[in-house]
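Engineer: The following file, final.csv, comprises CSV, C-alpha atoms and all ligand atoms:
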```
chain,number,residue,atom,x,y,z
A,10,MET,CA,20.4,-5.9,-18.6
A,11,LEU,CA,18.6,-2.5,-18.8
A,12,TYR,CA,14.9,-2.0,-18.2
A,13,THR,CA,13.1,1.3,-18.8
A,14,GLY,CA,9.5,2.1,-17.7
A,15,VAL,CA,7.1,4.0,-15.6
A,16,LEU,CA,7.1,3.1,-11.9
A,17,THR,CA,3.9,1.7,-10.5
A,18,LYS,CA,3.6,-0.2,-7.3
A,19,MET,CA,5.0,-3.7,-7.4
A,20,GLN,CA,2.7,-6.6,-8.1
A,21,THR,CA,2.8,-9.3,-5.4
A,22,GLU,CA,2.1,-12.9,-5.0
A,23,PHE,CA,1.1,-14.2,-1.6
A,24,LEU,CA,3.7,-17.0,-1.2
A,25,ASP,CA,6.2,-17.7,1.5
A,26,PRO,CA,8.1,-15.4,1.2
A,27,ILE,CA,6.1,-12.8,-0.8
A,28,GLN,CA,7.1,-12.6,-4.5
A,29,TYR,CA,7.5,-9.1,-6.0
A,30,TYR,CA,7.2,-8.1,-9.6
A,31,LEU,CA,8.0,-4.7,-11.1
A,32,VAL,CA,5.8,-4.4,-14.2
A,33,PHE,CA,6.6,-2.2,-17.1
A,34,GLU,CA,4.7,-1.8,-20.3
A,35,ASN,CA,6.5,-4.5,-22.3
A,36,ASP,CA,8.5,-6.2,-19.6
A,37,PHE,CA,8.6,-7.2,-16.0
A,38,ILE,CA,11.3,-7.8,-13.3
A,39,HIS,CA,10.9,-10.6,-10.7
A,40,MET,CA,12.5,-8.6,-7.9
A,41,ASN,CA,13.2,-11.5,-5.6
A,42,GLN,CA,15.7,-12.7,-8.1
A,43,LEU,CA,17.7,-9.5,-7.7
A,44,LEU,CA,18.3,-10.1,-3.9
A,45,ASN,CA,22.1,-9.8,-3.1
A,46,LYS,CA,22.7,-8.2,-6.5
A,47,THR,CA,23.8,-4.7,-7.3
A,48,ILE,CA,21.2,-2.7,-9.3
A,49,SER,CA,21.1,0.9,-10.4
A,50,ILE,CA,18.1,3.1,-10.7
A,51,THR,CA,18.1,6.3,-12.8
A,52,LYS,CA,15.3,8.8,-13.1
A,53,VAL,CA,14.9,9.8,-16.7
A,54,GLY,CA,11.5,11.5,-16.6
A,55,GLU,CA,8.0,11.7,-15.2
A,56,GLN,CA,4.7,10.4,-16.7
A,57,CYS,CA,1.3,10.8,-15.2
A,58,LEU,CA,-0.4,7.4,-14.5
A,59,SER,CA,-3.8,8.8,-15.6
A,60,CYS,CA,-3.3,11.0,-18.7
A,61,GLY,CA,0.0,9.4,-19.7
A,62,LEU,CA,1.6,12.8,-20.4
A,63,SER,CA,5.1,13.8,-19.5
A,64,ARG,CA,4.2,16.1,-16.7
A,65,PRO,CA,5.5,16.6,-13.2
A,66,ILE,CA,4.0,14.2,-10.7
A,67,PHE,CA,1.9,16.0,-8.1
A,68,ARG,CA,0.6,13.3,-5.9
A,69,GLN,CA,-0.3,9.5,-6.0
A,70,GLY,CA,1.3,9.2,-9.4
A,71,PHE,CA,-0.9,11.8,-11.0
A,72,CYS,CA,-0.1,15.2,-12.5
A,73,ARG,CA,-1.7,18.2,-10.9
A,74,THR,CA,-4.7,18.4,-13.3
A,75,CYS,CA,-5.5,14.7,-13.0
A,76,PHE,CA,-5.2,14.8,-9.2
A,77,PHE,CA,-7.8,17.4,-8.9
A,78,GLU,CA,-10.1,16.1,-11.7
A,79,LYS,CA,-10.0,12.3,-12.0
A,80,PRO,CA,-12.4,10.2,-10.0
A,81,LEU,CA,-9.6,8.0,-8.8
A,82,ALA,CA,-8.1,10.8,-6.8
A,83,GLY,CA,-11.3,11.9,-5.0
A,84,ASP,CA,-11.1,12.6,-1.3
A,85,TRP,CA,-13.1,9.4,-0.6
A,86,ILE,CA,-10.1,7.3,-1.7
A,87,MET,CA,-8.1,8.4,1.4
A,88,ARG,CA,-11.1,9.1,3.6
A,89,PRO,CA,-13.6,6.3,2.9
A,90,GLU,CA,-16.2,7.8,5.3
A,91,LEU,CA,-16.7,10.6,2.7
A,92,SER,CA,-18.1,8.0,0.2
A,93,THR,CA,-21.5,9.0,-1.2
A,94,ALA,CA,-22.2,6.6,-4.1
A,95,HIS,CA,-24.6,4.6,-1.8
A,96,LEU,CA,-26.7,7.8,-1.6
A,97,ASN,CA,-26.6,8.1,-5.4
A,98,LYS,CA,-24.6,11.2,-4.9
A,99,GLU,CA,-21.7,12.1,-7.3
A,100,ASP,CA,-18.3,13.4,-6.2
A,101,ARG,CA,-16.5,13.4,-9.7
A,102,ASP,CA,-18.0,10.6,-11.7
A,103,LEU,CA,-20.9,8.6,-10.2
A,104,VAL,CA,-20.7,5.6,-12.5
A,105,PHE,CA,-17.0,5.1,-11.6
A,106,GLU,CA,-17.7,5.8,-7.9
A,107,LYS,CA,-20.5,3.3,-7.8
A,108,LYS,CA,-18.3,0.6,-9.3
A,109,ILE,CA,-15.6,1.1,-6.7
A,110,GLN,CA,-17.6,2.1,-3.6
A,111,LEU,CA,-20.6,-0.3,-3.9
A,112,GLN,CA,-18.6,-3.5,-3.5
A,113,PRO,CA,-17.6,-5.5,-0.5
A,114,HIS,CA,-15.1,-3.7,1.7
A,115,ILE,CA,-13.1,-5.0,4.6
A,116,VAL,CA,-12.1,-3.3,7.9
A,117,TYR,CA,-9.0,-5.0,9.2
A,118,LEU,CA,-6.4,-4.8,11.9
A,119,ALA,CA,-2.8,-5.1,10.7
A,120,ASN,CA,0.5,-5.1,12.6
A,121,SER,CA,3.5,-3.7,10.7
A,122,SER,CA,5.2,-1.9,13.6
A,123,ASN,CA,2.1,-1.3,15.7
A,124,VAL,CA,-1.5,-2.5,15.4
A,125,LYS,CA,-3.5,-0.3,13.1
A,126,VAL,CA,-7.0,-0.3,11.7
A,127,GLY,CA,-7.6,0.1,7.9
A,128,VAL,CA,-10.1,-0.2,5.1
A,129,THR,CA,-9.7,-2.0,1.8
A,130,ARG,CA,-11.8,-3.5,-0.9
A,131,LYS,CA,-12.3,-7.2,-0.3
A,132,SER,CA,-10.6,-7.9,-3.6
A,133,GLN,CA,-7.5,-6.2,-2.2
A,134,VAL,CA,-7.0,-8.7,0.6
A,135,PRO,CA,-4.2,-9.7,1.3
A,136,THR,CA,-2.5,-7.3,-1.3
A,137,ARG,CA,-3.2,-4.3,0.9
A,138,TRP,CA,-1.5,-5.9,3.9
A,139,ILE,CA,1.5,-6.9,1.9
A,140,ASP,CA,1.9,-3.3,0.5
A,141,GLN,CA,1.9,-2.0,4.1
A,142,GLY,CA,4.5,-4.4,5.2
A,143,ALA,CA,2.3,-6.0,7.8
A,144,HIS,CA,3.6,-9.3,9.2
A,145,GLU,CA,0.2,-10.2,10.6
A,146,ALA,CA,-3.4,-9.0,9.9
A,147,ILE,CA,-7.0,-10.0,10.4
A,148,GLU,CA,-10.3,-9.1,8.8
A,149,ILE,CA,-12.8,-7.9,11.4
A,150,VAL,CA,-15.7,-6.5,9.4
A,151,GLU,CA,-17.1,-7.1,6.0
A,152,VAL,CA,-19.6,-4.5,4.7
A,153,PRO,CA,-21.4,-4.1,1.3
A,154,ASN,CA,-20.0,-0.6,0.6
A,155,ARG,CA,-17.0,1.8,1.3
A,156,TYR,CA,-19.0,4.2,3.4
A,157,LEU,CA,-19.8,1.7,6.1
A,158,ALA,CA,-16.2,0.6,6.2
A,159,GLY,CA,-15.2,4.2,6.5
A,160,ILE,CA,-17.4,5.1,9.5
A,161,THR,CA,-16.1,1.9,11.2
A,162,GLU,CA,-12.5,3.0,10.7
A,163,VAL,CA,-13.3,6.5,12.0
A,164,ALA,CA,-14.9,5.0,15.2
A,165,LEU,CA,-12.1,2.6,15.8
A,166,LYS,CA,-9.2,5.0,15.3
A,167,GLU,CA,-10.2,6.7,18.5
A,168,HIS,CA,-8.9,3.5,20.2
A,169,VAL,CA,-6.2,2.1,17.9
A,170,ALA,CA,-3.7,3.7,15.5
A,171,ASP,CA,-4.6,4.2,11.8
A,172,LYS,CA,-1.0,4.8,10.6
A,173,THR,CA,2.1,2.7,10.0
A,174,ASN,CA,5.4,4.0,11.3
A,175,TRP,CA,7.4,3.2,8.2
A,176,ARG,CA,10.8,3.4,10.0
A,177,ASN,CA,9.8,0.9,12.6
A,178,MET,CA,8.3,-1.3,10.0
A,179,LEU,CA,11.6,-1.3,8.0
A,180,LYS,CA,13.7,-1.8,11.0
A,181,ASN,CA,11.6,-4.8,11.8
A,182,ASN,CA,10.9,-3.6,15.4
A,183,LEU,CA,8.2,-6.2,15.7
A,184,LYS,CA,6.0,-7.1,18.5
A,185,ASP,CA,3.8,-10.2,18.0
A,186,GLU,CA,0.3,-9.2,18.9
A,187,ASP,CA,-2.8,-11.3,19.4
A,188,LEU,CA,-5.1,-9.6,16.8
A,189,MET,CA,-8.1,-11.8,17.8
A,190,GLU,CA,-7.8,-10.3,21.3
A,191,TRP,CA,-7.6,-6.8,19.8
A,192,ARG,CA,-10.7,-7.5,17.7
A,193,ASP,CA,-12.7,-8.7,20.7
A,194,ARG,CA,-11.6,-5.7,22.7
A,195,LEU,CA,-12.5,-3.2,20.0
A,196,LYS,CA,-15.8,-4.7,19.1
A,197,ILE,CA,-17.9,-2.5,21.4
A,198,TYR,CA,-16.7,0.6,19.5
A,199,ILE,CA,-18.1,-0.6,16.2
A,200,PRO,CA,-21.1,1.6,15.0
A,201,GLU,CA,-24.5,0.1,15.6
A,202,GLU,CA,-25.4,0.0,11.8
A,203,VAL,CA,-22.2,-2.0,11.2
A,204,LYS,CA,-22.6,-4.6,14.0
A,205,PRO,CA,-24.4,-7.1,11.8
A,206,TYR,CA,-21.3,-7.2,9.6
A,207,VAL,CA,-18.8,-8.1,12.2
A,208,LEU,CA,-16.6,-11.1,11.4
A,209,GLU,CA,-16.4,-13.0,14.7
A,210,HIS,CA,-14.3,-16.0,13.9
A,211,ASN,CA,-11.5,-15.0,11.4
A,212,LYS,CA,-8.0,-15.9,12.2
A,213,GLU,CA,-4.7,-14.0,11.7
A,214,THR,CA,-2.9,-14.1,8.3
A,215,ASN,CA,0.9,-14.2,8.6
A,216,ILE,CA,3.1,-12.6,6.0
A,217,ASN,CA,6.8,-13.3,5.4
A,218,PHE,CA,8.9,-10.8,3.4
A,219,PRO,CA,12.0,-11.6,1.4
A,220,VAL,CA,14.6,-9.7,3.6
A,221,GLU,CA,18.2,-10.8,4.2
A,222,HIS,CA,18.8,-8.1,6.7
A,223,TYR,CA,17.0,-5.0,8.0
A,224,PRO,CA,18.4,-1.4,8.2
A,225,LYS,CA,19.2,0.0,11.6
A,226,LYS,CA,18.7,3.6,10.4
A,227,PRO,CA,16.7,3.5,7.2
A,228,ASN,CA,17.5,6.5,5.0
A,229,SER,CA,15.0,7.3,2.3
A,230,LEU,CA,16.2,7.5,-1.3
A,231,ASN,CA,14.9,10.6,-3.2
A,232,LEU,CA,15.5,10.4,-7.0
A,233,SER,CA,14.5,14.0,-7.4
A,234,LYS,CA,17.7,15.0,-5.5
A,235,VAL,CA,20.1,12.3,-6.8
A,236,SER,CA,19.0,11.2,-10.3
A,237,THR,CA,20.9,8.0,-10.1
A,238,TYR,CA,21.5,5.5,-7.4
A,239,SER,CA,23.3,2.2,-7.3
A,240,GLY,CA,23.3,-0.4,-4.4
A,241,GLN,CA,23.0,-4.0,-3.4
A,242,LEU,CA,19.5,-5.1,-2.8
A,243,VAL,CA,19.1,-6.9,0.5
A,244,GLY,CA,15.4,-7.1,1.0
A,245,ILE,CA,11.9,-6.1,0.0
A,246,LYS,CA,9.2,-5.2,2.5
A,247,GLY,CA,5.9,-3.5,1.9
A,248,GLN,CA,6.6,-1.5,-1.3
A,249,TYR,CA,10.1,-0.7,-0.2
A,250,LEU,CA,13.4,-1.9,-1.7
A,251,LEU,CA,16.0,-2.2,1.0
A,252,PHE,CA,19.7,-1.8,0.2
A,253,GLU,CA,22.9,-2.8,1.8
A,254,ASP,CA,23.9,0.8,2.7
A,255,GLU,CA,20.6,1.3,4.6
A,256,ARG,CA,19.0,3.3,1.7
A,257,VAL,CA,15.4,2.4,1.3
A,258,PHE,CA,13.3,3.2,-1.8
A,259,ASN,CA,9.5,3.5,-1.6
A,260,ILE,CA,8.2,2.4,-5.0
A,261,ARG,CA,4.7,3.5,-4.0
A,262,SER,CA,5.6,7.1,-3.4
A,263,ASN,CA,7.6,7.2,-6.6
A,264,GLU,CA,4.8,6.1,-8.9
A,265,GLY,CA,4.9,8.0,-12.2
A,266,LEU,CA,8.7,8.3,-12.3
A,267,VAL,CA,10.2,7.1,-15.6
A,268,VAL,CA,13.3,5.1,-14.6
A,269,GLU,CA,16.0,3.0,-16.0
A,270,ILE,CA,16.9,0.0,-14.0
A,271,ALA,CA,20.2,-1.7,-14.7
A,272,LEU,CA,21.4,-5.0,-13.4
A,273,ALA,CA,25.1,-5.3,-12.9
A,301,ZN,ZN,-2.4,13.6,-15.8
```
Could you take the file, read its structure, and then write that structure out as structure tokens?
Ligand SMILES: [Zn+2]

Structural biologist:
Amino acid sequence: MLYTGVLTKMQTEFLDPIQYYLVFENDFIHMNQLLNKTISITKVGEQCLSCGLSRPIFRQGFCRTCFFEKPLAGDWIMRPELSTAHLNKEDRDLVFEKKIQLQPHIVYLANSSNVKVGVTRKSQVPTRWIDQGAHEAIEIVEVPNRYLAGITEVALKEHVADKTNWRNMLKNNLKDEDLMEWRDRLKIYIPEEVKPYVLEHNKETNINFPVEHYPKKPNSLNLSKVSTYSGQLVGIKGQYLLFEDERVFNIRSNEGLVVEIALA
């Protein structure tokens, strides 16, 4: 079987364990069914996720032009505290920015290798946690726009990490943490204007990934260096495919690559 398409992050289904789907234009692959099978991935081109042209991918699946011009790649995506739609102020496209920024957002604590704070649209819970490879997470604040979530994250990251250590996440070096206790401890650092939006009583969500065994020394696969790779799939965690030989392939950071996937 041979599949060809543009890589975009895997779609997920919150079941036990998580179900993963690689979706192409006219086809999809249910990745869980490939566990313990040998697959090969070949890079055959690049295609911008925004303009659809065959151009080199610059960042986040976008060509250079789209990255610097399209509203979906504005600075407020990565740094929610820079959001200005609530002030009626445009960054690149106010109509688009209002649609995304002026909707319920969640500030959460997630534990993937360490406890971290993060922001996501409410509609992206628990997808965001699955994509990060978190085995447990909790919503701690629900606000009506992205800006308020952003300033909460900025205030909290003085006291808790805001990054995932992907190697530890993939090695499954886990420590079970009491996220309710973390929430209660961090509550005093939440900005005054956000205090009315604190979620006092949420419980942890636990996430179980389809992994047969974890790599001891994960080694990142870069298809720009070797255009084809073949290996036995032994797990999927976050947006990473884990292979028998300890190679790991981050689908998310390879968005926009045109690939052929062959099943042995
Ligand atoms: Zn483009």

Engineer: Nearest residue to A:Phe67 out of A:Glu269, A:Leu96, A:Met178, A:Glu55, using all atoms listed in the file?

Structural biologist: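 Comparing A:Glu269, A:Leu96, A:Met178, A:Glu55 against A:Phe67, the winner is A:Glu55.
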
Engineer: Can you list every residue of chain A that has an atom at most 7 Å from ligand ZN 301 (chain A), with its nearest atom pair and the distance in Å to one decimal, using all atoms listed in the file, ordered by chain then number, as a Markdown table?

Structural biologist:
```
| residue | atom | partner | partner_atom | distance |
| --- | --- | --- | --- | --- |
| A:Cys57 | CA | A:ZN301 | ZN | 4.7 |
| A:Leu58 | CA | A:ZN301 | ZN | 6.6 |
| A:Ser59 | CA | A:ZN301 | ZN | 5.0 |
| A:Cys60 | CA | A:ZN301 | ZN | 4.0 |
| A:Gly61 | CA | A:ZN301 | ZN | 6.2 |
| A:Leu62 | CA | A:ZN301 | ZN | 6.1 |
| A:Phe71 | CA | A:ZN301 | ZN | 5.3 |
| A:Cys72 | CA | A:ZN301 | ZN | 4.3 |
| A:Arg73 | CA | A:ZN301 | ZN | 6.8 |
| A:Thr74 | CA | A:ZN301 | ZN | 5.9 |
| A:Cys75 | CA | A:ZN301 | ZN | 4.3 |
```

Engineer: Using only C-alpha atoms, which protein or nucleic acid residues come within 10 Å of stretch 124-134 of chain A? Drop anything in the same chain fewer than 2 positions from it, and give the result as a ChimeraX atom specification.

Structural biologist: /A:86-89,109-122,136-139,143,145-155,157-159,161-163,165-166,168-173,184-188,191

Engineer: Give me, as a list of chain:residue names, all polymer residues having an atom no more than 7 Å from stretch 218-230 of chain A, counting only C-alpha atoms and skipping those fewer than 2 positions away in the same chain.

Structural biologist: A:Pro26, A:Ile27, A:Arg176, A:Leu179, A:Lys180, A:Asn181, A:Ile216, A:Leu232, A:Val243, A:Gly244, A:Ile245, A:Lys246, A:Glu255, A:Arg256, A:Val257, A:Phe258

Engineer: Go ahead and save the picked residues with C-alpha atoms, as a PDB file, in the coordinates of the input.

Structural biologist:
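And here's result18.pdb as it stands now:
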```
ATOM      1  CA  PRO A  26       8.100 -15.400   1.200  1.00  0.00           C
ATOM      2  CA  ILE A  27       6.100 -12.800  -0.800  1.00  0.00           C
ATOM      3  CA  ARG A 176      10.800   3.400  10.000  1.00  0.00           C
ATOM      4  CA  LEU A 179      11.600  -1.300   8.000  1.00  0.00           C
ATOM      5  CA  LYS A 180      13.700  -1.800  11.000  1.00  0.00           C
ATOM      6  CA  ASN A 181      11.600  -4.800  11.800  1.00  0.00           C
ATOM      7  CA  ILE A 216       3.100 -12.600   6.000  1.00  0.00           C
ATOM      8  CA  LEU A 232      15.500  10.400  -7.000  1.00  0.00           C
ATOM      9  CA  VAL A 243      19.100  -6.900   0.500  1.00  0.00           C
ATOM     10  CA  GLY A 244      15.400  -7.100   1.000  1.00  0.00           C
ATOM     11  CA  ILE A 245      11.900  -6.100   0.000  1.00  0.00           C
ATOM     12  CA  LYS A 246       9.200  -5.200   2.500  1.00  0.00           C
ATOM     13  CA  GLU A 255      20.600   1.300   4.600  1.00  0.00           C
ATOM     14  CA  ARG A 256      19.000   3.300   1.700  1.00  0.00           C
ATOM     15  CA  VAL A 257      15.400   2.400   1.300  1.00  0.00           C
ATOM     16  CA  PHE A 258      13.300   3.200  -1.800  1.00  0.00           C
TER      17      PHE A 258
END
```

Engineer: For atom CA of A:Arg194 and atom CA of A:Lys212, determine how far apart the two atoms are, in Å to one decimal place.

Structural biologist: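 About the pair atom CA of A:Arg194 and atom CA of A:Lys212: they are 15.1 Å apart.
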
Engineer: My list of candidates is A:Met10, A:Leu266, A:Asn41, A:Asn215. Which is closest to A:Leu251 when distances are computed with only C-alpha atoms?

Structural biologist: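 Closest to A:Leu251, using only C-alpha atoms: A:Asn41.
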
Engineer: To one decimal in Å, tell me the separation between atom CA of A:Ile197 and atom CA of A:Thr214.

Structural biologist: 23.0 Å

Engineer: Is it possible to get the axis-aligned box enclosing stretch 63-74 of chain A (all listed atoms, 5 Å extra per side) as lines of an AutoDock Vina configuration file, with centre and edge lengths in Å rounded to one decimal?

Structural biologist:
```
center_x = 0.4
center_y = 13.8
center_z = -12.7
size_x = 20.2
size_y = 19.2
size_z = 23.6
```

Engineer: One decimal, Å: what's the distance from atom CA of A:Glu78 over to atom CA of A:Val267, could you say?

Structural biologist: 22.5 Å
